[in-house]
Structure formats: C-alpha cells, structure tokens
Amino acid sequence: MAELEPMIKDLALILIIAGAMTLIFKRLGQPVVLGYIVAGFLAGPHFGLLPSVADTVNVHLWSDIGVIFLLFALGLEFSFKKILKVGGTAVVAALVIIVGMIFLGFTVGSAFGWQKMDALFLGGMIAMSSTTIIYKAFDDLGLRQKQFTGLVLSILILEDVLAVVLMVMLSTIAVSSSVDGLELVKSITKLAFFLILWFVVGLYLIPLILKKARKHLSGETLLIVSLGLCFGMVVFASAMGFSAAFGAFIMGSILAETIEAERIDKLVGPVKDLFGAVFFVSVGMMVDPAMIAQFAVPIIVITLTVIIGQASFSSLGVLLSGQSLKTAVQCGFSLTQIGEFAFIIAALGQSLKVTSDFLYPIVVAVSVITIFITPYMIRLAEPFYGFLERHLPKRFLVAADKLQNRTTVKSSDSSLWKQYLKSALASVIIYGIIAFSINTVAFKWFVPLISQFFAPVLAKILSAAGIVIVLAPFVYNIVLRRTFDQNFRTLWNENRNFAPLLVLVVIVRIFIGMSFYVFVLFRLFHFRGLLVFGLAFLVVFTLASSRFMKRHSRKFENTLKDNLRARDVREEYLGKKKPEYASRLISKDLHFADFSVPGDTSWAGKTLAQLNLGRNYGVHVASILRGNVRINVPDAHEMVYPQDVLQVIGTDTDIEAFSKDLTTSGRVADDDIVSRSEMVLDQVLVGENSPFLGKDIRSCEIRSRYRCLIAGVETDGGKLHQPAIDIPFIVGDVIWVVGQKADVSILQSL
C-alpha cells in the first residue's frame with residue numbers, strides 16, 4: 001500500500017481529536033468552539049503526549065478556507081434589510097461599543113509597550129462580542145423571549161457587519177503601516193463604492209440567473225453554483241484590494257436576499273462546519289503554555305478590560321439610546337466576551353505579518369476565559385442593577401429616566417423636502433456608481449478591444465455609441481428618477497419658497513448625468529468647451545424625452561425591488577413570516593396570529609360558514625396555509641382540514657377564546673369507542689346453512705353490508721389463496737376476514 005500523504009494523516013489526526021473533544025464538550029454543556037481549540041492544542045506542537053500535525057502550512061491553508069466559509073455563512077444569515085430594522089438603539093450602542101473598545105484595547109496594548117499594530121489589532125479583537133456564544137447562553141438560560149435579548153441580538157447583527165468593515169480598515173492601515181486620516185477616508189469611500197456596486201449589480205443579476213436555472217438546480221448543482229459565486233467574489237474582492245473574507249461575506253449577503261437562501265444555507269452548512277472546525281483547531285495549535293505563562297499579566301489585564309469595558313460601554317451605549325438603566329445593564333453584562341471575530345482578526349494580522357506571535361495565544365486565552373464566564377455574567381446583571389439602584393445618587397436615576405422619556409418620544413415624519421432630497425441623493429449615488437463603473441470598464445477593456453478591429457475614427461464612433469447605449473438607463477435614473485414625483489409637485493404648488501431649491505436639485509442632477517457623457521466625448525474625441533457640453537446635453541435631453549428609456553429604466557428598478565423582496569414575499573406566502581399589513585392594522589387593539597388546526601379536531605371537514613368564526617368568536621380568517629398552498633381571503637365555502645394554519649385577525653380577548661376552543665375541539669376517544677374500534681383477523685366457516693353458500697364475493701356483500709374485508713379463502717385442501725370474485729363458495733370453505741370485533745362476530749353467527 002502506498003504511503004499516505006502527510007496532509008491526509010494530519011486531517012485524520014485533526015478530525016479524530018476534534019470529534020472526541022466535540023463529544024466531551026457537548027456532554028459538559030460547553031460551546032463546541034472551545035472543544036475545537038482544545039483539540040488544536042492537543043494536536044499542536046506544544047503538547048507532546050499525542051502525535052502532532054506534521055504539515056502546518058496545509059493546515060493554515062484549510063483554516064483560511066474555513067474563514068471564507070464562516071464569513072460566507074454569516075452573510076447568508078445576514079440581510080441588509082435587517083440593518084434598517086434594528087433601530088436607533090442598536091446603532092448607537094454598537095458604535096459606542098466598537099469605538100470605545102478599540103480605544104481601550106489600543107490604550108492597554110500601548111501601556112504594555114507593544115508595537116502600534118499589535119495595540120491596534122488588539123483593540124479590534126476585543127471590540128466584537130461572540131454571536132454564537134450569546135445565542136447559546138440565552139437558549140440555555142431560557143431568556144430568548146425577554147425584551148433585552150432582542151436588543152442584544154440586534155446589536156450583534158450590527159457588530160457583525162461593522163466587524164467586516166473593521167477588517168477592511170485594519171488591512172488598509174496594515175498595508176500603509178500608519179494611521180493616515182486621508183488614506184482612511186479613501187479606504188472607506190472605496191469600500192462604500194464597491195459595496196453599493198456589488199450589491200446592486202449582484203442583487204439584479206444573481207436572482208435572475210437562479211430563477212432561469214431553477215429547474216436544473218438540484219442540491220448538488222446549487223451547492224456548486226453558490227460556492228462558485230462565493231469564491232469568484234473572493235477572487236474579485238482580493239483583486240480590488242479587499243480581504244477574501246470580505247468578498248465571501250458580500251456574496252453571502254447577496255444570496256441571502258434570494259429565495260434559494262435557505263437551501264444554500266443548509267447545503268453549505270456541512271462544508272462550513274468541516275472547514276470551520278479546521279480553522280478553530282488551527283487557532284488552538286497556536287496556544288503555547290509557556291507563552292501564556294510568560295504573558296499571564298497581560299492576559300489577566302486584557303480579560304478584565306474585556307469584561308469591564310464591554311459591560312461599561314455596552315450599558316452606556318444602550319442607556320444613551322434611550323433605554324432604561326435595567327435594560328442597559330442586562331445588555332452590557334450579556335456582551336462581556338470575545339469570540340469568532342477575535343480569531344479571524346488575529347489571523348488577519350498574522351497573514352499580513354503586522355502583529356507579533358505572542359498576540360494570538362493571548363487573545364485565545366482571553367476568549368476562553370470570557371466565554372466560560374458569560375452565563376454567570378448574564379445572571380449577575382439583575383443583582384448588579386439592584387446594587388446600582390440602591391447606591392447610585394437619585395439625581396443620576398432621575399436623569400436616566402428623563403433621557404429615556406425624551407429619546408423614546410417618537411419624532412414626526414420627515415418633511416416632504418427631506419424625503420424628496422433623500423430620494424434624489426439615493427438615485428444619484430446608486431446609479432452614479434454604476435455609471436462610473438461602466439465608464440471605467442469600457443475604457444479599460446471595451447475601447448481597446450474595438451480599436452483592434454476597426455479604423456481609429458470608426459472605432460471611436462462605435463465605442464462612443466456602445467458606451468452611450470449602456471449608460472442610458474442609469475443616466476436616465478440619475479436625472480429623472482422621481483425628479484417630478486408627488487413630493488416635488490406638492491412642494492412646488494403649496495410652498496413656492498422651495499421652488500429655487502427644487503430647480504437647483506433638478507439642475508444638479510442634469511449636470512451629474514451629463515458629466516458621464518462629457519467624460520466619454522472628451523476621452524474619445526477630445527471635444528472641449530461648449531461643444532462637449534452641448535452634445536452631452538443633447539444626449540440627456542433625448543433620453544429624457546424617450547418613452548422607451550423611461551419604460552426600461554422603471555423595469556430595471558422594479559426588477560431590483562422585486563428581487564430584494566422576493567424572499568420576504570415567499571416566506572410570507574408559506575406562513576414563515578407575518579404579512580406586512582400585520583403591523584399596520586387599523587386598530588391598536590387588533591393583532592394578527594397563526595393557529596395550526598389539530599389533527600383530531602371536530603372542526604375538520606367543516607366550512608367557514610358552518611364554523612361561523614366571526615359571529616362565535618369575533619375573529620376573521622385572513623388566510624389559510626395548506627402545505628405549500630396559500631388561500632388568501634377564503635370564502636365561506638372553504639373547508640378547514642387538519643394541519644391547516646389559520647391566519648386570523650382579532651382582539652386579544654377574541655383570539656384567546658378562539659385559541660382555547662380550537663385546542664379543545666378534539667374528538668374524545670373514550671374506552672367504549674376504543675374497545676369497539678378493535679380490529680381482528682378471524683375465520684368464517686361456510687356450512688350447509690351458510691347464507692354465503694353458492695354465492696361469489698360480489699353477491700355476498702361482505703364488505704358493503706357487514707363492513708369486513710376478505711383477506712383470503714382456505715379450501716378443503718387446506719390451501720389459502722386470494723379468491724376470484726366470480727367463483728362461488730362451497731361447503732367447507734373457510735373465509736378469513738378482517739374487521740371490527742363486533743362486525744366479525746355477526747358474520748360468524750350467520
């Protein structure tokens with residue numbers, strides 16, 4: 001037998017030890033991530049009692065792939081729409097936490113005399129709490145239904161996004177080896193540019209591709225396609241100067257908006273678990289007991305910094321956003337740990353060769369300690385709040401209450417002018433980025449390609465025509481999308497003071513749209529002065545007056561909106577998500593609820609008219625979900641079947657009465673009914689006086705009259721066979737029948 005490659009031996013060793021540690025940590029009720037880290041330590045070079053990994057280069061390559069899969073899976077669970085729903089509290093709290101912890105980490109690292117990059121990366125590592133650990137702790141402690149846990153999870157969603165942004169910023173700073181404000185602004189602008197570009201283009205194209213290919217997307221095909229898209233974006237992001245993890249996250253977040261997101265998540269899950277395990281094992285391999293002993297003081301100090309800093313900044317952020325002191329303390333004490341992103345940022349620092357070797361094991365040790373104490377910190381929140389309430393000055397408590405009351409007052413809707421300006425700005429930014437990208441790609445690849453096949457003048461004309469056509473729908477949207485909408489007309493007609501501002505906005509949008517064509521004409525034909533502006537204005541004017549362009553521009557925008565809403569619409573159709581109108585019912589006393597019809601209900605088989613739920617309970621059935629079929633606004637003749645999901649609208653009192661009767665409407669099977677329903681297999685002898693003598697099966701009517709089933713017939717020879725329906729019974733035949741005990745007894749008595 002050929003000698004196994006070291007890579008296969010290493011993989012076998014890693015998975016065997018990781019599997020054993022997974023079972024042990026599951027049995028102990030501890031996070032599996034810690035088991036992987038322990039497995040890495042046991043398989044690493046610093047533990048001599050077991051065989052060690054031979055080829056660490058391959059292991060680190062697998063761990064890099066693991067980071068890609070972890071960020072891709074995180075993107076699949078993320079939705080940009082969630083950011084719009086987390087609310088101001090989560091935004092304020094997350095920003096306070098991240099900025100405060102980065103500053104605190106940098107200060108602590110600098111106090112130890114570490115290099116600036118070590119101190120800066122330390123700040124990034126301790127700024128992010130562990131989503132996985134907090135989810136598990138809330139489940140174990142039964143706190144998922146508490147009000148503060150929803151706020152904590154919203155903060156974590158935002159932290160995950162900001163962590164990816166932070167990784168990009170740290171990469172930029174690491175490459176430039178300095179914290180240059182101007183360079184940082186350029187990096188953030190570049191990040192925003194590509195983020196919008198990739199998301200808009202990806203959200204437009206990828207759902208269309210998946211929709212066209214849906215009938216061919218088996219599990220295997222969808223897995224390969226989604227991973228191909230993931231790694232394609234990884235390569236593209238790397239080529240643009242971003243990290244591979246950032247590209248994986250972006251593609252995951254794009255696919256998260258498609259209706260195939262759940263299938264992709266399930267298919268990618270096992271692959272992510274495998275490579276993710278290798279990543280965390282590689283983290284454990286970095287743990288050096290000698291180095292931990294050497295840096296025991298920094299580990300203790302950083303651990304206390306994480307616990308005290310996260311609790312303080314988290315509580316402060318939540319309190320400043322307008323929540324109560326109790327909620328702020330509960331949120332703060334829930335976020336006192338670091339987890340997955342600390343390892344990912346540490347790995348980023350090592351891959352860029354800008355952090356010292358001692359930083360990785362220090363962060364691992366701090367993470368292990370803070371993860372272990374997380375449940376105890378969550379339990380400590382309420383007692384600590386009681387302590388604060390007893391000992392804080394009353395002035396502080398009164399000020400906190402005033403802050404809560406002031407910030408929880410709902411502000412009035414934005415003015416029409418702000419709404420109009422916001423819409424115009426969004427159109428200019430989104431479509432301007434796309435138009436800029438088209439010009440860049442055209443002059444880098446399209447124009448040189450055309451120049452190879454045609455004469456110079458003709459090549460320029462063809463290039464200009466092609467670029468103008470491709471740019472047309474996006475320039476149209478820059479100039480005219482919602483330019484003269486209802487807000488514009490209302491402001492123009494009702495408040496003439498806004499007229500100059502409205503005209504200015506229109507002129508600015510026209511000039512921005514023209515600028516893309518001015519650039520094309522200047523680069524290709526070197527036109528200058530009024531000529532180039534005149535030609536650009538002529539093109540824009542032609543586009544503005546084109547009904548064809550208006551129709552296709554709207555089609556592009558509507559497709560983008562439909563793709564963005566497709567997953568929500570499908571989940572609403574399948575009953576996995578409440579419809580949008582559920583949150584906008586005409587009365588605050590009404591609400592929306594789902595109820596599953598029990599399998600043994602006496603309501604089954606009855607129509608809505610017979611049940612008369614409106615009169616009997618005051619509730620109205622808005623929809624019936626039956627498997628993958630949704631029946632909206634069912635009519636009175638629609639029947640109710642077991643396992644149907646009824647989506648009803650009513651007041652709390654009415655829905656409570658409806659729910660009580662629905663759950664108690666099952667048919668009661670008493671002992672007498674159970675006894676009568678017993679099925680038996682027995683024999684009926686055909687004698688000389690039998691009513692079945694000389695009759696065939698059909699004329700005997702054993703099934704229709706006596707409710708019994710003939711299982712077989714035994715003849716005089718003792719042979720049991722299936723009888724033919726047209727052969728009459730003779731004396732001595734034994735008929736084997738199945739039926740209820742009472743019915744079989746009647747047959748035997750005949």
# chains A, B, ... in the order shown; residues from 1 in each chain; ligands from 1
>>> residues_around(residues="A:Ile725", least_positions_apart="3", cutoff="9 Å", atoms="only C-alpha atoms", output="list in words")
Asp696, Ile697, Arg698 and Pro728 of chain A
>>> write_last_selection(atoms="C-alpha atoms", output="mmCIF file, in the first residue's frame")
data_model
loop_
_atom_site.group_PDB
_atom_site.id
_atom_site.type_symbol
_atom_site.label_atom_id
_atom_site.label_comp_id
_atom_site.auth_asym_id
_atom_site.auth_seq_id
_atom_site.Cartn_x
_atom_site.Cartn_y
_atom_site.Cartn_z
ATOM 1 C CA ASP A 696 -69.439 -15.280 -5.113
ATOM 2 C CA ILE A 697 -67.655 -12.447 -3.304
ATOM 3 C CA ARG A 698 -69.585 -9.700 -5.068
ATOM 4 C CA PRO A 728 -68.951 -19.235 -5.646
#
>>> select_by_dssp(residues="stretch 44-172 of chain A", states="alpha helix (DSSP H)", output="JSON, numbers by chain")
{"A": [56, 57, 58, 59, 60, 61, 62, 63, 64, 65, 66, 67, 68, 69, 70, 71, 72, 73, 74, 75, 76, 77, 80, 81, 82, 83, 84, 85, 87, 88, 89, 90, 91, 92, 93, 94, 95, 96, 97, 98, 99, 100, 101, 102, 103, 104, 105, 106, 107, 108, 109, 110, 111, 116, 117, 118, 119, 120, 121, 122, 123, 124, 125, 126, 131, 132, 133, 134, 135, 136, 137, 138, 139, 140, 141, 147, 148, 149, 150, 151, 152, 153, 154, 155, 156, 157, 158, 159, 160, 161, 162, 163, 164, 165, 166, 167, 168, 169, 170, 171, 172]}
>>> residues_around(residues="A:Gln310", least_positions_apart="4", cutoff="6 Å", atoms="only C-alpha atoms", output="list in words")
Val306, Ser314 and Thr336 of chain A
>>> residues_around(residues="A:Gln30", least_positions_apart="3", cutoff="12 Å", atoms="only C-alpha atoms", output="ChimeraX atom specification")
/A:21-27,33-36,132-133,136-137,140,368,371-375
>>> atom_distance(atom1="atom CA of A:Gly739", atom2="atom CA of A:Trp603")
27.6 Å
>>> residues_around(residues="A:Leu304", least_positions_apart="6", cutoff="12 Å", atoms="only C-alpha atoms", output="PyMOL selection string")
chain A and resi 104-105+108+126+297-298+310-312+336-337+366-367+369-370+373
>>> residues_around(residues="A:Phe231", least_positions_apart="3", cutoff="10 Å", atoms="only C-alpha atoms", output="number ranges by chain")
A: 65, 68-69, 72, 226-228, 234-237, 244-245, 247-248, 251
>>> closest_residue(among="A:Gly513, A:Pro45, A:Gly332, A:Gly534", to="A:Tyr431", atoms="only C-alpha atoms")
A:Gly513
>>> atom_distance(atom1="atom CA of A:Thr149", atom2="atom CA of A:Leu195")
29.7 Å
>>> residues_around(residues="stretch 153-160 of chain A", least_positions_apart="3", cutoff="7 Å", atoms="only C-alpha atoms", output="CSV table (one decimal) with N, CA and C atoms, in the first residue's frame")
chain,number,residue,atom,x,y,z
A,83,ILE,N,-30.6,45.7,8.9
A,83,ILE,CA,-30.0,46.9,9.4
A,83,ILE,C,-31.0,48.0,9.5
A,86,VAL,N,-33.1,47.2,12.8
A,86,VAL,CA,-32.6,47.1,14.2
A,86,VAL,C,-32.8,48.3,15.0
A,90,ALA,N,-29.8,50.0,18.7
A,90,ALA,CA,-28.7,49.1,18.3
A,90,ALA,C,-27.6,49.8,17.6
A,93,ALA,N,-25.7,51.9,20.3
A,93,ALA,CA,-25.0,51.0,21.2
A,93,ALA,C,-23.8,50.4,20.5
A,94,ALA,N,-23.9,49.9,19.3
A,94,ALA,CA,-22.9,49.2,18.6
A,94,ALA,C,-21.7,50.2,18.3
A,128,MET,N,-15.5,43.0,19.4
A,128,MET,CA,-16.6,42.3,19.0
A,128,MET,C,-17.0,41.2,19.9
A,131,THR,N,-21.4,36.2,18.8
A,131,THR,CA,-22.8,35.9,18.5
A,131,THR,C,-23.2,34.5,18.8
A,149,THR,N,-33.1,40.7,25.3
A,149,THR,CA,-32.3,39.8,24.4
A,149,THR,C,-32.5,40.2,23.0
A,150,GLY,N,-33.7,40.7,22.6
A,150,GLY,CA,-33.9,41.1,21.2
A,150,GLY,C,-33.0,42.3,20.9
A,163,ALA,N,-17.8,44.5,11.9
A,163,ALA,CA,-16.6,43.8,12.1
A,163,ALA,C,-15.9,43.5,10.7
A,164,VAL,N,-16.8,43.3,9.7
A,164,VAL,CA,-16.2,43.1,8.3
A,164,VAL,C,-15.6,44.4,7.8
>>> closest_residue(among="A:Leu348, A:Leu611, A:Leu416, A:Leu28", to="A:Leu166", atoms="only C-alpha atoms")
A:Leu348
>>> atom_distance(atom1="atom CA of A:Cys708", atom2="atom CA of A:Phe729")
16.8 Å
>>> decode(residues="stretch 629-716 of chain A", atoms="C-alpha atoms", output="PDB file, in the first residue's frame")
ATOM      1  CA  VAL A 629     -50.546  26.395  -0.844  1.00  0.00           C
ATOM      2  CA  ARG A 630     -51.823  29.716   0.488  1.00  0.00           C
ATOM      3  CA  ILE A 631     -55.519  30.615   0.275  1.00  0.00           C
ATOM      4  CA  ASN A 632     -55.940  34.350   0.818  1.00  0.00           C
ATOM      5  CA  VAL A 633     -59.295  35.746   1.962  1.00  0.00           C
ATOM      6  CA  PRO A 634     -61.030  32.331   1.821  1.00  0.00           C
ATOM      7  CA  ASP A 635     -64.749  32.372   1.078  1.00  0.00           C
ATOM      8  CA  ALA A 636     -67.446  30.917   3.319  1.00  0.00           C
ATOM      9  CA  HIS A 637     -67.480  27.586   1.454  1.00  0.00           C
ATOM     10  CA  GLU A 638     -63.787  26.862   2.094  1.00  0.00           C
ATOM     11  CA  MET A 639     -63.339  23.775   4.294  1.00  0.00           C
ATOM     12  CA  VAL A 640     -60.952  23.505   7.226  1.00  0.00           C
ATOM     13  CA  TYR A 641     -58.653  20.462   7.270  1.00  0.00           C
ATOM     14  CA  PRO A 642     -56.313  19.052   9.934  1.00  0.00           C
ATOM     15  CA  GLN A 643     -52.837  20.666   9.942  1.00  0.00           C
ATOM     16  CA  ASP A 644     -54.150  23.774   8.182  1.00  0.00           C
ATOM     17  CA  VAL A 645     -52.660  27.009   9.525  1.00  0.00           C
ATOM     18  CA  LEU A 646     -55.311  29.679  10.045  1.00  0.00           C
ATOM     19  CA  GLN A 647     -54.080  33.269   9.997  1.00  0.00           C
ATOM     20  CA  VAL A 648     -56.675  35.233  11.938  1.00  0.00           C
ATOM     21  CA  ILE A 649     -57.244  38.846  12.960  1.00  0.00           C
ATOM     22  CA  GLY A 650     -58.969  39.839  16.168  1.00  0.00           C
ATOM     23  CA  THR A 651     -58.616  41.429  19.573  1.00  0.00           C
ATOM     24  CA  ASP A 652     -56.630  39.791  22.366  1.00  0.00           C
ATOM     25  CA  THR A 653     -59.820  38.621  24.082  1.00  0.00           C
ATOM     26  CA  ASP A 654     -61.402  37.229  20.924  1.00  0.00           C
ATOM     27  CA  ILE A 655     -58.231  35.425  19.834  1.00  0.00           C
ATOM     28  CA  GLU A 656     -57.776  33.944  23.299  1.00  0.00           C
ATOM     29  CA  ALA A 657     -61.319  32.490  23.241  1.00  0.00           C
ATOM     30  CA  PHE A 658     -60.804  31.210  19.686  1.00  0.00           C
ATOM     31  CA  SER A 659     -57.494  29.577  20.613  1.00  0.00           C
ATOM     32  CA  LYS A 660     -58.996  27.876  23.665  1.00  0.00           C
ATOM     33  CA  ASP A 661     -61.874  26.325  21.720  1.00  0.00           C
ATOM     34  CA  LEU A 662     -59.640  25.325  18.799  1.00  0.00           C
ATOM     35  CA  THR A 663     -57.218  23.433  21.047  1.00  0.00           C
ATOM     36  CA  THR A 664     -60.043  21.701  22.967  1.00  0.00           C
ATOM     37  CA  SER A 665     -62.125  20.764  19.916  1.00  0.00           C
ATOM     38  CA  GLY A 666     -60.556  17.330  19.539  1.00  0.00           C
ATOM     39  CA  ARG A 667     -62.735  14.229  19.390  1.00  0.00           C
ATOM     40  CA  VAL A 668     -62.589  12.378  22.686  1.00  0.00           C
ATOM     41  CA  ALA A 669     -61.927   8.643  22.306  1.00  0.00           C
ATOM     42  CA  ASP A 670     -63.389   7.049  25.456  1.00  0.00           C
ATOM     43  CA  ASP A 671     -62.795   3.439  26.488  1.00  0.00           C
ATOM     44  CA  ASP A 672     -66.022   2.219  24.872  1.00  0.00           C
ATOM     45  CA  ILE A 673     -65.120   3.726  21.499  1.00  0.00           C
ATOM     46  CA  VAL A 674     -61.600   2.292  21.704  1.00  0.00           C
ATOM     47  CA  SER A 675     -62.966  -1.142  22.534  1.00  0.00           C
ATOM     48  CA  ARG A 676     -65.475  -1.113  19.673  1.00  0.00           C
ATOM     49  CA  SER A 677     -62.775   0.024  17.222  1.00  0.00           C
ATOM     50  CA  GLU A 678     -60.519  -3.005  17.835  1.00  0.00           C
ATOM     51  CA  MET A 679     -59.662  -4.786  14.554  1.00  0.00           C
ATOM     52  CA  VAL A 680     -59.343  -8.582  14.416  1.00  0.00           C
ATOM     53  CA  LEU A 681     -58.477 -11.272  11.874  1.00  0.00           C
ATOM     54  CA  ASP A 682     -60.741 -14.323  12.165  1.00  0.00           C
ATOM     55  CA  GLN A 683     -62.329 -17.087  10.091  1.00  0.00           C
ATOM     56  CA  VAL A 684     -65.904 -17.698   8.944  1.00  0.00           C
ATOM     57  CA  LEU A 685     -66.846 -21.296   8.016  1.00  0.00           C
ATOM     58  CA  VAL A 686     -69.168 -21.837   5.031  1.00  0.00           C
ATOM     59  CA  GLY A 687     -71.575 -24.585   6.139  1.00  0.00           C
ATOM     60  CA  GLU A 688     -74.655 -26.124   4.545  1.00  0.00           C
ATOM     61  CA  ASN A 689     -76.873 -23.418   6.051  1.00  0.00           C
ATOM     62  CA  SER A 690     -74.492 -20.526   5.437  1.00  0.00           C
ATOM     63  CA  PRO A 691     -76.040 -17.539   3.603  1.00  0.00           C
ATOM     64  CA  PHE A 692     -72.840 -17.356   1.548  1.00  0.00           C
ATOM     65  CA  LEU A 693     -73.084 -20.864   0.109  1.00  0.00           C
ATOM     66  CA  GLY A 694     -73.206 -20.782  -3.676  1.00  0.00           C
ATOM     67  CA  LYS A 695     -72.531 -17.049  -3.838  1.00  0.00           C
ATOM     68  CA  ASP A 696     -69.439 -15.280  -5.113  1.00  0.00           C
ATOM     69  CA  ILE A 697     -67.655 -12.447  -3.304  1.00  0.00           C
ATOM     70  CA  ARG A 698     -69.585  -9.700  -5.068  1.00  0.00           C
ATOM     71  CA  SER A 699     -73.036 -11.074  -4.271  1.00  0.00           C
ATOM     72  CA  CYS A 700     -72.112 -11.841  -0.631  1.00  0.00           C
ATOM     73  CA  GLU A 701     -71.742  -8.092   0.076  1.00  0.00           C
ATOM     74  CA  ILE A 702     -69.454  -8.881   3.000  1.00  0.00           C
ATOM     75  CA  ARG A 703     -67.633  -5.552   2.636  1.00  0.00           C
ATOM     76  CA  SER A 704     -70.577  -3.254   1.960  1.00  0.00           C
ATOM     77  CA  ARG A 705     -73.142  -4.808   4.298  1.00  0.00           C
ATOM     78  CA  TYR A 706     -71.015  -6.196   7.142  1.00  0.00           C
ATOM     79  CA  ARG A 707     -68.017  -3.791   6.908  1.00  0.00           C
ATOM     80  CA  CYS A 708     -65.472  -6.611   6.788  1.00  0.00           C
ATOM     81  CA  LEU A 709     -62.621  -7.276   4.383  1.00  0.00           C
ATOM     82  CA  ILE A 710     -61.925 -10.726   2.887  1.00  0.00           C
ATOM     83  CA  ALA A 711     -58.210 -11.390   3.338  1.00  0.00           C
ATOM     84  CA  GLY A 712     -58.204 -14.892   1.828  1.00  0.00           C
ATOM     85  CA  VAL A 713     -60.101 -18.190   1.394  1.00  0.00           C
ATOM     86  CA  GLU A 714     -58.955 -21.586   2.664  1.00  0.00           C
ATOM     87  CA  THR A 715     -60.309 -24.543   0.610  1.00  0.00           C
ATOM     88  CA  ASP A 716     -60.797 -28.188   1.635  1.00  0.00           C
TER      89      ASP A 716
END
